[in-house]
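File shown here: protein27.txt, holding compact mmCIF, C-alpha atoms.
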```
# COMPACT_ATOMS: atom_id res chain seq x y z
CA ASP G 1 -144.95 27.38 73.50
CA ASP G 2 -142.80 30.22 72.29
CA ALA G 3 -140.29 30.37 75.10
CA PRO G 4 -136.86 31.22 73.68
CA THR G 5 -134.83 28.07 73.38
CA ASP G 6 -131.27 28.33 74.49
CA ALA G 7 -129.29 28.57 71.30
CA PRO G 8 -125.98 26.76 71.56
CA VAL G 9 -123.14 29.21 71.99
CA LEU G 10 -121.62 29.36 68.54
CA LYS G 11 -117.90 29.57 68.46
CA LYS G 12 -116.69 32.52 66.42
CA ARG G 13 -114.79 31.37 63.40
CA ASN G 14 -112.74 32.91 60.69
CA LYS G 15 -114.81 32.19 57.61
CA GLN G 16 -113.40 33.38 54.34
CA ARG G 17 -113.76 32.45 50.74
CA VAL G 18 -112.08 34.32 47.95
CA LEU G 19 -113.19 34.73 44.36
CA LEU G 20 -110.17 34.87 42.07
CA LEU G 21 -110.48 36.09 38.51
CA SER G 22 -108.84 38.27 35.94
CA SER G 23 -109.77 40.59 33.14
CA ARG G 24 -109.16 39.65 29.54
CA GLY G 25 -105.80 40.30 27.98
CA ILE G 26 -103.53 38.84 30.64
CA THR G 27 -100.15 37.51 29.59
CA HIS G 28 -98.78 34.06 30.38
CA ARG G 29 -96.77 35.37 33.31
CA MET G 30 -99.84 36.95 34.87
CA ARG G 31 -101.79 33.76 34.31
CA HIS G 32 -99.06 31.72 35.99
CA LEU G 33 -99.05 34.08 38.95
CA MET G 34 -102.78 33.55 39.30
CA SER G 35 -102.47 29.80 39.20
CA ASP G 36 -99.71 29.99 41.84
CA ILE G 37 -102.04 31.91 44.11
CA GLU G 38 -104.81 29.44 43.42
CA VAL G 39 -102.66 26.47 44.33
CA LEU G 40 -101.41 28.10 47.54
CA LEU G 41 -104.79 29.21 48.83
CA PRO G 42 -107.29 26.34 49.09
CA HIS G 43 -110.16 28.67 50.00
CA VAL G 44 -109.97 30.37 46.61
CA LYS G 45 -112.64 29.88 43.97
CA LYS G 46 -111.36 30.65 40.54
CA ASP G 47 -113.76 32.01 37.98
CA SER G 48 -113.49 32.66 34.28
CA LYS G 49 -112.22 35.94 32.92
CA LEU G 50 -114.38 38.99 33.27
CA ASP G 51 -115.40 40.34 29.91
CA SER G 52 -115.68 44.01 30.65
CA LYS G 53 -113.20 46.35 32.26
CA ASN G 54 -115.83 49.00 32.86
CA HIS G 55 -118.37 46.97 34.75
CA LEU G 56 -116.54 46.08 37.92
CA HIS G 57 -119.77 46.43 39.85
CA LEU G 58 -120.59 42.95 38.55
CA LEU G 59 -117.85 41.50 40.72
CA PRO G 60 -119.63 41.68 44.10
CA GLU G 61 -122.62 39.88 42.55
CA LEU G 62 -120.33 37.27 41.06
CA ALA G 63 -118.65 36.75 44.43
CA ASP G 64 -122.05 36.36 46.05
CA LEU G 65 -123.08 33.75 43.49
CA ASN G 66 -119.97 31.77 44.41
CA ASN G 67 -120.53 32.14 48.16
CA CYS G 68 -117.41 34.27 48.47
CA ASN G 69 -116.95 37.19 50.83
CA ASN G 70 -113.69 38.39 49.28
CA ALA G 71 -112.54 39.04 45.76
CA LEU G 72 -109.08 39.15 44.22
CA TYR G 73 -109.29 40.60 40.75
CA PHE G 74 -106.36 40.92 38.35
CA GLU G 75 -106.74 43.60 35.76
CA ALA G 76 -104.39 43.66 32.80
CA ARG G 77 -103.95 46.86 30.84
CA ARG G 78 -102.25 47.19 27.46
CA HIS G 79 -101.13 43.56 27.74
CA GLU G 80 -98.27 44.60 29.99
CA ASP G 81 -99.45 46.38 33.13
CA LEU G 82 -101.05 44.38 35.88
CA TYR G 83 -103.26 45.73 38.61
CA MET G 84 -104.60 43.78 41.54
CA TRP G 85 -107.81 44.59 43.34
CA ALA G 86 -108.24 43.12 46.80
CA ALA G 87 -111.79 43.62 48.00
CA LYS G 88 -114.19 42.62 50.69
CA THR G 89 -117.54 41.92 49.11
CA PRO G 90 -120.32 42.99 49.22
CA ASN G 91 -119.69 46.06 51.38
CA GLY G 92 -116.06 46.92 50.78
CA PRO G 93 -113.46 48.20 51.17
CA SER G 94 -111.39 47.56 48.07
CA ILE G 95 -107.70 48.22 47.52
CA LYS G 96 -106.27 48.80 44.08
CA MET G 97 -102.59 48.02 43.63
CA HIS G 98 -100.07 47.93 40.83
CA VAL G 99 -98.22 44.62 40.51
CA GLN G 100 -94.55 44.64 39.50
CA ASN G 101 -91.52 42.35 39.57
CA VAL G 102 -93.48 39.15 39.18
CA HIS G 103 -91.60 35.87 39.54
CA THR G 104 -93.69 32.73 39.47
CA MET G 105 -93.14 29.33 41.04
CA ASP G 106 -92.18 27.89 37.66
CA GLU G 107 -88.79 29.52 37.88
CA LEU G 108 -86.07 27.09 38.75
CA LYS G 109 -84.23 29.42 41.10
CA MET G 110 -86.69 28.97 43.93
CA THR G 111 -86.07 25.53 45.34
CA GLY G 112 -88.63 25.26 48.12
CA ASN G 113 -91.79 23.21 48.07
CA CYS G 114 -94.76 22.76 50.36
CA LEU G 115 -97.89 20.68 50.74
CA LYS G 116 -100.65 21.56 48.36
CA GLY G 117 -103.29 23.23 50.46
CA SER G 118 -101.35 23.56 53.70
CA ARG G 119 -102.28 26.67 55.61
CA GLY G 120 -99.58 29.29 55.37
CA LEU G 121 -98.51 31.58 58.17
CA LEU G 122 -98.87 35.28 57.45
CA SER G 123 -96.16 37.67 58.57
CA PHE G 124 -96.54 41.44 58.45
CA ASP G 125 -93.81 43.85 59.43
CA LYS G 126 -94.30 46.71 61.84
CA ALA G 127 -94.71 49.35 59.16
CA PHE G 128 -98.25 48.09 58.54
CA GLU G 129 -99.16 49.24 62.05
CA GLN G 130 -97.84 52.74 61.58
CA THR G 131 -100.43 54.10 59.18
CA GLU G 132 -104.18 53.79 59.07
CA TRP G 133 -104.16 52.55 55.48
CA GLY G 134 -101.50 50.01 56.43
CA LYS G 135 -103.67 48.64 59.20
CA LEU G 136 -106.63 48.33 56.87
CA THR G 137 -104.49 46.62 54.24
CA LYS G 138 -103.21 44.18 56.84
CA GLU G 139 -106.77 43.33 57.85
CA VAL G 140 -107.92 42.78 54.27
CA PHE G 141 -104.84 40.69 53.42
CA THR G 142 -105.41 38.62 56.57
CA HIS G 143 -108.84 37.73 55.23
CA ILE G 144 -107.71 37.05 51.68
CA PHE G 145 -104.32 35.38 52.07
CA GLY G 146 -104.98 33.63 55.38
CA VAL G 147 -106.38 30.15 54.89
CA PRO G 148 -109.32 29.61 57.25
CA PRO G 149 -109.14 26.40 59.32
CA GLN G 150 -112.26 24.84 57.84
CA ALA G 151 -111.16 25.23 54.21
CA ARG G 152 -112.07 21.91 52.67
CA LYS G 153 -108.78 21.15 51.00
CA ALA G 154 -106.59 22.46 53.83
CA LYS G 155 -103.92 20.18 55.26
CA PRO G 156 -103.37 19.93 59.01
CA PHE G 157 -99.70 21.03 59.12
CA ILE G 158 -97.82 24.26 58.71
CA ASP G 159 -94.93 24.24 56.30
CA HIS G 160 -94.76 27.64 54.67
CA ILE G 161 -94.95 31.33 55.52
CA LEU G 162 -96.16 34.25 53.42
CA THR G 163 -94.43 37.51 54.25
CA PHE G 164 -95.63 41.01 53.53
CA SER G 165 -93.03 43.74 54.05
CA LEU G 166 -93.53 47.44 53.54
CA ILE G 167 -90.33 48.75 52.04
CA ASP G 168 -90.16 52.07 50.23
CA GLU G 169 -93.97 52.47 50.37
CA LYS G 170 -94.39 49.22 48.49
CA ILE G 171 -95.59 45.84 49.68
CA TRP G 172 -93.11 43.05 48.98
CA PHE G 173 -94.52 39.54 48.90
CA ARG G 174 -92.48 36.41 49.50
CA ASN G 175 -93.34 32.79 50.26
CA TYR G 176 -90.90 30.52 52.12
CA GLN G 177 -90.90 26.88 53.01
CA ILE G 178 -90.19 26.21 56.67
CA ILE G 179 -87.60 23.48 57.17
CA GLU G 180 -87.06 22.25 60.67
CA LYS G 181 -84.29 19.76 60.15
CA ASP G 182 -80.80 20.50 59.11
CA PRO G 183 -80.28 18.33 56.02
CA LEU G 184 -76.64 17.89 57.00
CA GLN G 185 -77.54 16.70 60.49
CA PRO G 186 -80.81 14.77 60.20
CA ASN G 187 -80.62 13.58 63.78
CA GLY G 188 -79.30 16.80 65.27
CA PRO G 189 -81.33 19.39 67.15
CA PRO G 190 -84.20 20.87 65.13
CA GLN G 191 -83.17 24.13 63.59
CA THR G 192 -85.56 26.26 61.60
CA SER G 193 -84.43 27.46 58.22
CA LEU G 194 -86.27 28.74 55.17
CA VAL G 195 -86.18 28.09 51.45
CA GLU G 196 -88.06 30.28 49.06
CA ILE G 197 -90.95 28.68 47.19
CA GLY G 198 -92.27 31.62 45.24
CA PRO G 199 -94.06 33.42 43.77
CA ARG G 200 -92.65 36.90 44.29
CA PHE G 201 -94.22 40.22 43.53
CA VAL G 202 -94.25 43.83 44.62
CA LEU G 203 -97.45 45.77 45.11
CA THR G 204 -97.75 49.55 44.98
CA PRO G 205 -100.95 50.69 46.62
CA ILE G 206 -102.81 53.16 44.44
CA ARG G 207 -106.17 53.77 46.00
CA ILE G 208 -108.49 52.44 48.64
CA PHE G 209 -112.21 52.71 48.00
CA GLU G 210 -114.91 52.55 50.60
CA GLY G 211 -117.15 50.13 48.68
CA ALA G 212 -116.46 46.92 46.81
CA PHE G 213 -115.11 48.08 43.44
CA SER G 214 -116.97 51.35 43.97
CA GLY G 215 -117.52 54.13 46.44
CA THR G 216 -115.52 57.14 47.54
CA THR G 217 -111.77 57.14 47.71
CA VAL G 218 -110.55 57.07 51.30
CA TYR G 219 -106.86 56.81 50.47
CA SER G 220 -104.80 57.65 47.44
CA ASN G 221 -101.08 57.28 47.04
CA PRO G 222 -99.55 60.59 45.94
CA GLU G 223 -96.31 58.88 44.92
CA PHE G 224 -97.89 56.59 42.39
CA VAL G 225 -97.13 57.34 38.77
CA SER G 226 -98.93 55.19 36.25
CA PRO G 227 -96.67 52.92 34.20
CA ALA G 228 -98.00 54.47 31.01
CA ALA G 229 -96.89 57.91 32.21
CA VAL G 230 -93.44 56.52 33.01
CA ARG G 231 -93.10 55.07 29.54
CA SER G 232 -94.33 58.23 27.84
CA ALA G 233 -91.89 60.34 29.86
CA LEU G 234 -89.06 58.04 28.77
CA ARG G 235 -90.09 58.33 25.15
CA ARG G 236 -90.38 62.09 25.38
CA GLU G 237 -86.90 62.33 26.86
CA LYS G 238 -85.58 60.24 24.02
CA GLY G 239 -87.44 62.43 21.53
CA ASP G 240 -86.04 65.59 23.10
CA LYS G 241 -82.54 64.21 22.81
CA TYR G 242 -83.08 63.52 19.14
CA GLY G 243 -84.62 66.95 18.62
CA SER G 244 -81.70 68.78 20.19
CA ARG G 245 -79.18 66.72 18.20
CA LYS G 246 -80.96 67.55 14.96
CA ASP G 247 -80.97 71.31 15.60
CA GLU B 1 -90.15 76.65 29.95
CA ASP B 2 -90.69 73.63 32.08
CA ALA B 3 -94.26 72.71 32.68
CA VAL B 4 -95.25 72.86 36.30
CA PRO B 5 -95.64 69.25 37.44
CA LYS B 6 -99.21 68.50 38.28
CA GLN B 7 -99.55 68.02 42.00
CA LYS B 8 -101.66 64.99 42.69
CA VAL B 9 -104.26 65.41 45.37
CA GLU B 10 -103.45 63.22 48.29
CA ILE B 11 -106.34 61.60 50.08
CA ASP B 12 -105.75 59.98 53.41
CA ASN B 13 -109.03 59.94 55.26
CA LYS B 14 -107.84 58.37 58.50
CA ILE B 15 -111.22 58.53 60.20
CA ALA B 16 -112.95 56.69 57.36
CA LEU B 17 -110.13 54.13 57.14
CA ALA B 18 -110.42 53.38 60.84
CA ARG B 19 -114.20 53.13 60.61
CA ILE B 20 -114.01 50.72 57.68
CA ARG B 21 -111.47 48.58 59.48
CA GLU B 22 -113.82 48.45 62.45
CA THR B 23 -116.63 47.08 60.24
CA ILE B 24 -114.60 44.26 58.70
CA LYS B 25 -112.42 43.39 61.68
CA LEU B 26 -112.37 39.75 62.74
CA ASP B 27 -113.71 39.07 66.18
CA PRO B 28 -110.79 39.44 68.60
CA SER B 29 -111.98 36.39 70.52
CA ILE B 30 -111.22 33.96 67.71
CA PRO B 31 -108.15 31.86 68.49
CA TRP B 32 -104.82 32.52 66.84
CA THR B 33 -105.06 29.18 65.05
CA ASP B 34 -107.90 30.58 62.92
CA THR B 35 -105.81 33.29 61.30
CA LEU B 36 -102.15 32.25 61.78
CA VAL B 37 -101.02 35.88 61.59
CA VAL B 38 -97.72 36.90 63.12
CA SER B 39 -96.39 40.43 63.33
CA TYR B 40 -92.76 41.36 62.98
CA PRO B 41 -91.85 43.91 65.68
CA GLU B 42 -89.44 45.79 63.41
CA THR B 43 -89.70 47.83 60.28
CA ILE B 44 -87.40 47.06 57.39
CA ASP B 45 -85.15 49.97 56.50
CA VAL B 46 -82.90 48.90 53.68
CA ASP B 47 -81.97 50.31 50.36
CA VAL B 48 -84.51 48.73 47.99
CA ASP B 49 -81.96 48.49 45.21
CA ASP B 50 -79.58 46.49 47.36
CA ASP B 51 -80.97 43.07 46.47
CA LEU B 52 -78.85 41.07 48.88
CA ASN B 53 -79.59 43.05 52.02
CA ARG B 54 -83.23 43.50 51.12
CA GLU B 55 -83.75 39.76 50.70
CA LEU B 56 -81.81 39.11 53.89
CA ALA B 57 -84.08 41.51 55.82
CA ILE B 58 -87.21 39.83 54.45
CA TYR B 59 -85.74 36.41 55.24
CA LYS B 60 -85.16 37.54 58.82
CA GLN B 61 -88.75 38.67 59.06
CA ALA B 62 -89.98 35.30 57.79
CA LEU B 63 -87.65 33.38 60.12
CA HIS B 64 -88.86 35.40 63.09
CA GLY B 65 -92.44 34.65 62.04
CA ALA B 66 -91.79 30.94 61.69
CA GLN B 67 -90.15 30.66 65.10
CA LEU B 68 -92.81 32.74 66.80
CA ALA B 69 -95.53 30.67 65.17
CA LYS B 70 -93.93 27.48 66.36
CA THR B 71 -94.05 28.58 69.99
CA LEU B 72 -97.60 29.85 69.54
CA ALA B 73 -98.62 26.54 67.98
CA ALA B 74 -97.13 24.67 70.93
CA LYS B 75 -99.14 26.90 73.28
CA HIS B 76 -102.37 26.17 71.44
CA SER B 77 -101.38 22.49 71.06
CA PHE B 78 -101.81 22.90 67.33
CA PRO B 79 -100.05 20.48 64.97
CA PHE B 80 -97.18 22.28 63.28
CA THR B 81 -94.48 19.99 61.95
CA ARG B 82 -95.41 17.49 59.32
CA PRO B 83 -94.55 13.95 60.41
CA SER B 84 -92.01 12.33 58.14
CA ASP B 85 -94.45 9.56 57.19
CA TYR B 86 -97.14 11.96 56.03
CA PHE B 87 -97.26 12.17 52.26
CA ALA B 88 -99.59 14.24 50.15
CA GLU B 89 -99.62 16.17 46.93
CA MET B 90 -97.16 19.04 46.87
CA VAL B 91 -97.42 22.47 45.30
CA LYS B 92 -94.59 21.74 42.89
CA SER B 93 -94.69 18.43 41.09
CA ASP B 94 -91.94 15.82 41.28
CA THR B 95 -90.92 16.51 37.69
CA HIS B 96 -90.55 20.19 38.48
CA MET B 97 -88.46 19.44 41.58
CA GLU B 98 -86.31 17.11 39.49
CA ARG B 99 -85.66 19.94 37.03
CA ILE B 100 -84.66 22.21 39.91
CA ARG B 101 -82.28 19.54 41.22
CA GLN B 102 -80.80 19.00 37.77
CA ARG B 103 -80.21 22.71 37.39
CA LEU B 104 -78.43 22.88 40.75
CA LEU B 105 -76.24 19.95 39.71
CA ASP B 106 -75.46 21.58 36.36
CA GLU B 107 -74.52 24.82 38.07
CA GLY B 108 -72.27 23.02 40.53
CA ALA B 109 -70.58 21.15 37.69
CA SER B 110 -69.92 24.28 35.67
CA ILE B 111 -68.40 26.00 38.70
CA LYS B 112 -66.11 23.00 39.21
CA ARG B 113 -65.10 23.01 35.58
CA SER B 114 -64.14 26.65 35.64
CA GLU B 115 -61.94 26.20 38.70
```

What does this structure look like when you write it as structure tokens?
Amino acid sequence: DDAPTDAPVLKKRNKQRVLLLSSRGITHRMRHLMSDIEVLLPHVKKDSKLDSKNHLHLLPELADLNNCNNALYFEARRHEDLYMWAAKTPNGPSIKMHVQNVHTMDELKMTGNCLKGSRGLLSFDKAFEQTEWGKLTKEVFTHIFGVPPQARKAKPFIDHILTFSLIDEKIWFRNYQIIEKDPLQPNGPPQTSLVEIGPRFVLTPIRIFEGAFSGTTVYSNPEFVSPAAVRSALRREKGDKYGSRKD
Amino acid sequence: EDAVPKQKVEIDNKIALARIRETIKLDPSIPWTDTLVVSYPETIDVDVDDDLNRELAIYKQALHGAQLAKTLAAKHSFPFTRPSDYFAEMVKSDTHMERIRQRLLDEGASIKRSE
């Protein structure tokens, strides 16, 4: 009897798992940022450092081995510049970004706290909807930074919000704790307020590739100047000043 | 003579970007509680070097998101607020929170002293 059996209607779910790893040569601050991300996102699988900076095509395989369909790869250059790759594996796309202004949760200025493994809200401002690359970035970030409901370590309550804001062509990341009681009036009406938890960072999009860590470039940021070029320009300026003084 | 600055080639292949987004897009029928994404209906136009106003604008975005999410959660009858008798491991340890508290106290004391 080969009559088709009625398959139960499967509910569509948001299933995401993210492979998190870095290149070699990351500094302590970069490492702390990574562990902050790991502790905030319970659907992340952290892997050991990738040995080679030239064989990024290994990453989709590695993600597959870990049952991940996303990858977040931190690439350190010259022990000071940090790049972040956010990719959908195995078919892409991937977004390469430059990470600046990193503040980690260890800093004592950010006084918020939240449950380990609680699912964070994601907030995107309207600017993401105004460009095609912004829309794609929003979609990819929704997959990577949004905690899926069936994540094993996820907690059932919401107590923090991750915000992504596009200001000056850069993506600003913040993480706030949501407080619903006024500490001064514990029995008063519930009033929502926020306290920053951290980490903080700013991302400058550089390129978007069609594949996962490969493929043709579908977007490139004309404004982006590599940090090495900035430093060399500064040094040259200094050298010119010295040269003109000597003459 | 000044060197002519190299003009970088800008690539913005909107058709390809839209096509890629179509291939990875989450099914629109999945409930909001699966993604927990909220959109802020405004863009943020502040001077990036003005730390105070920039942080205020981002705070407003987050506050709007939190309030919107709370109403959405109520609509989906999704648990939002943590009950006060629910305890679990936190992201920052108790020793870390104690250090934060101590720092706040120290700061308050030094302000008082200088007055």

Excluding range 65-68 of chain B and any residue of its chain fewer than 3 positions from it, enumerate the residues within 6 Å of it, using only C-alpha atoms, and give them as a VMD selection string. (chain G and resid 123) or (chain B and resid 38 62 71)

The selected residues should be written to file as a CSV table (one decimal), in the coordinates of the input (atoms: C-alpha atoms).
```csv
chain,number,residue,atom,x,y,z
G,123,SER,CA,-96.2,37.7,58.6
B,38,VAL,CA,-97.7,36.9,63.1
B,62,ALA,CA,-90.0,35.3,57.8
B,71,THR,CA,-94.0,28.6,70.0
```

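Between CA of Thr43 in chain B and CA of Lys60 in chain B the interatomic distance comes to 11.3 Å.
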
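For Trp32 in chain B, the residues within 9 Å (counting all atoms listed in the file, excluding itself and residues fewer than 4 positions away along the chain) are Leu36, Val37, Leu72, Ala73 and His76 of chain B.
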
Nearest candidate to Arg21 in chain B (options G:Arg24, G:Arg29, G:Lys116, G:Lys135; using all atoms listed in the file):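 Going through G:Arg24, G:Arg29, G:Lys116, G:Lys135 one by one, the smallest distance to Arg21 in chain B is for G:Lys135.
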
Contacts of Thr142 in chain G at 8 Å (only C-alpha atoms; same-chain gap of 2+ positions) as a PyMOL selection string: (chain G and resi 122+138-140+144-146) or (chain B and resi 35+37)

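Relative to CA of Met34 in chain G, CA of Asn66 in chain G is found at 18.0 Å.
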
Using all atoms listed in the file, which chain B residues lie at most 8 Å away from chain G, written as a PyMOL selection string? chain B and resi 8-14+16-18+20-21+24-27+29-30+33-46+48+58-59+61-63+65-67+69+79-82+88-92+96-97+99-100+103

To one decimal in Å, tell me the separation between CA of Glu75 in chain G and CA of Ile26 in chain G.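 For CA of Glu75 in chain G relative to CA of Ile26 in chain G, the distance reads 7.7 Å.
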
Work out where the centre of an axis-aligned box around every listed atom of range 35-41 of chain B lies and how long its edges are once 5 Å is added on each side; give both in Å to one decimal as AutoDock Vina command-line options.
```
--center_x -98.8 --center_y 38.1 --center_z 63.5 --size_x 24.0 --size_y 21.7 --size_z 14.4
```
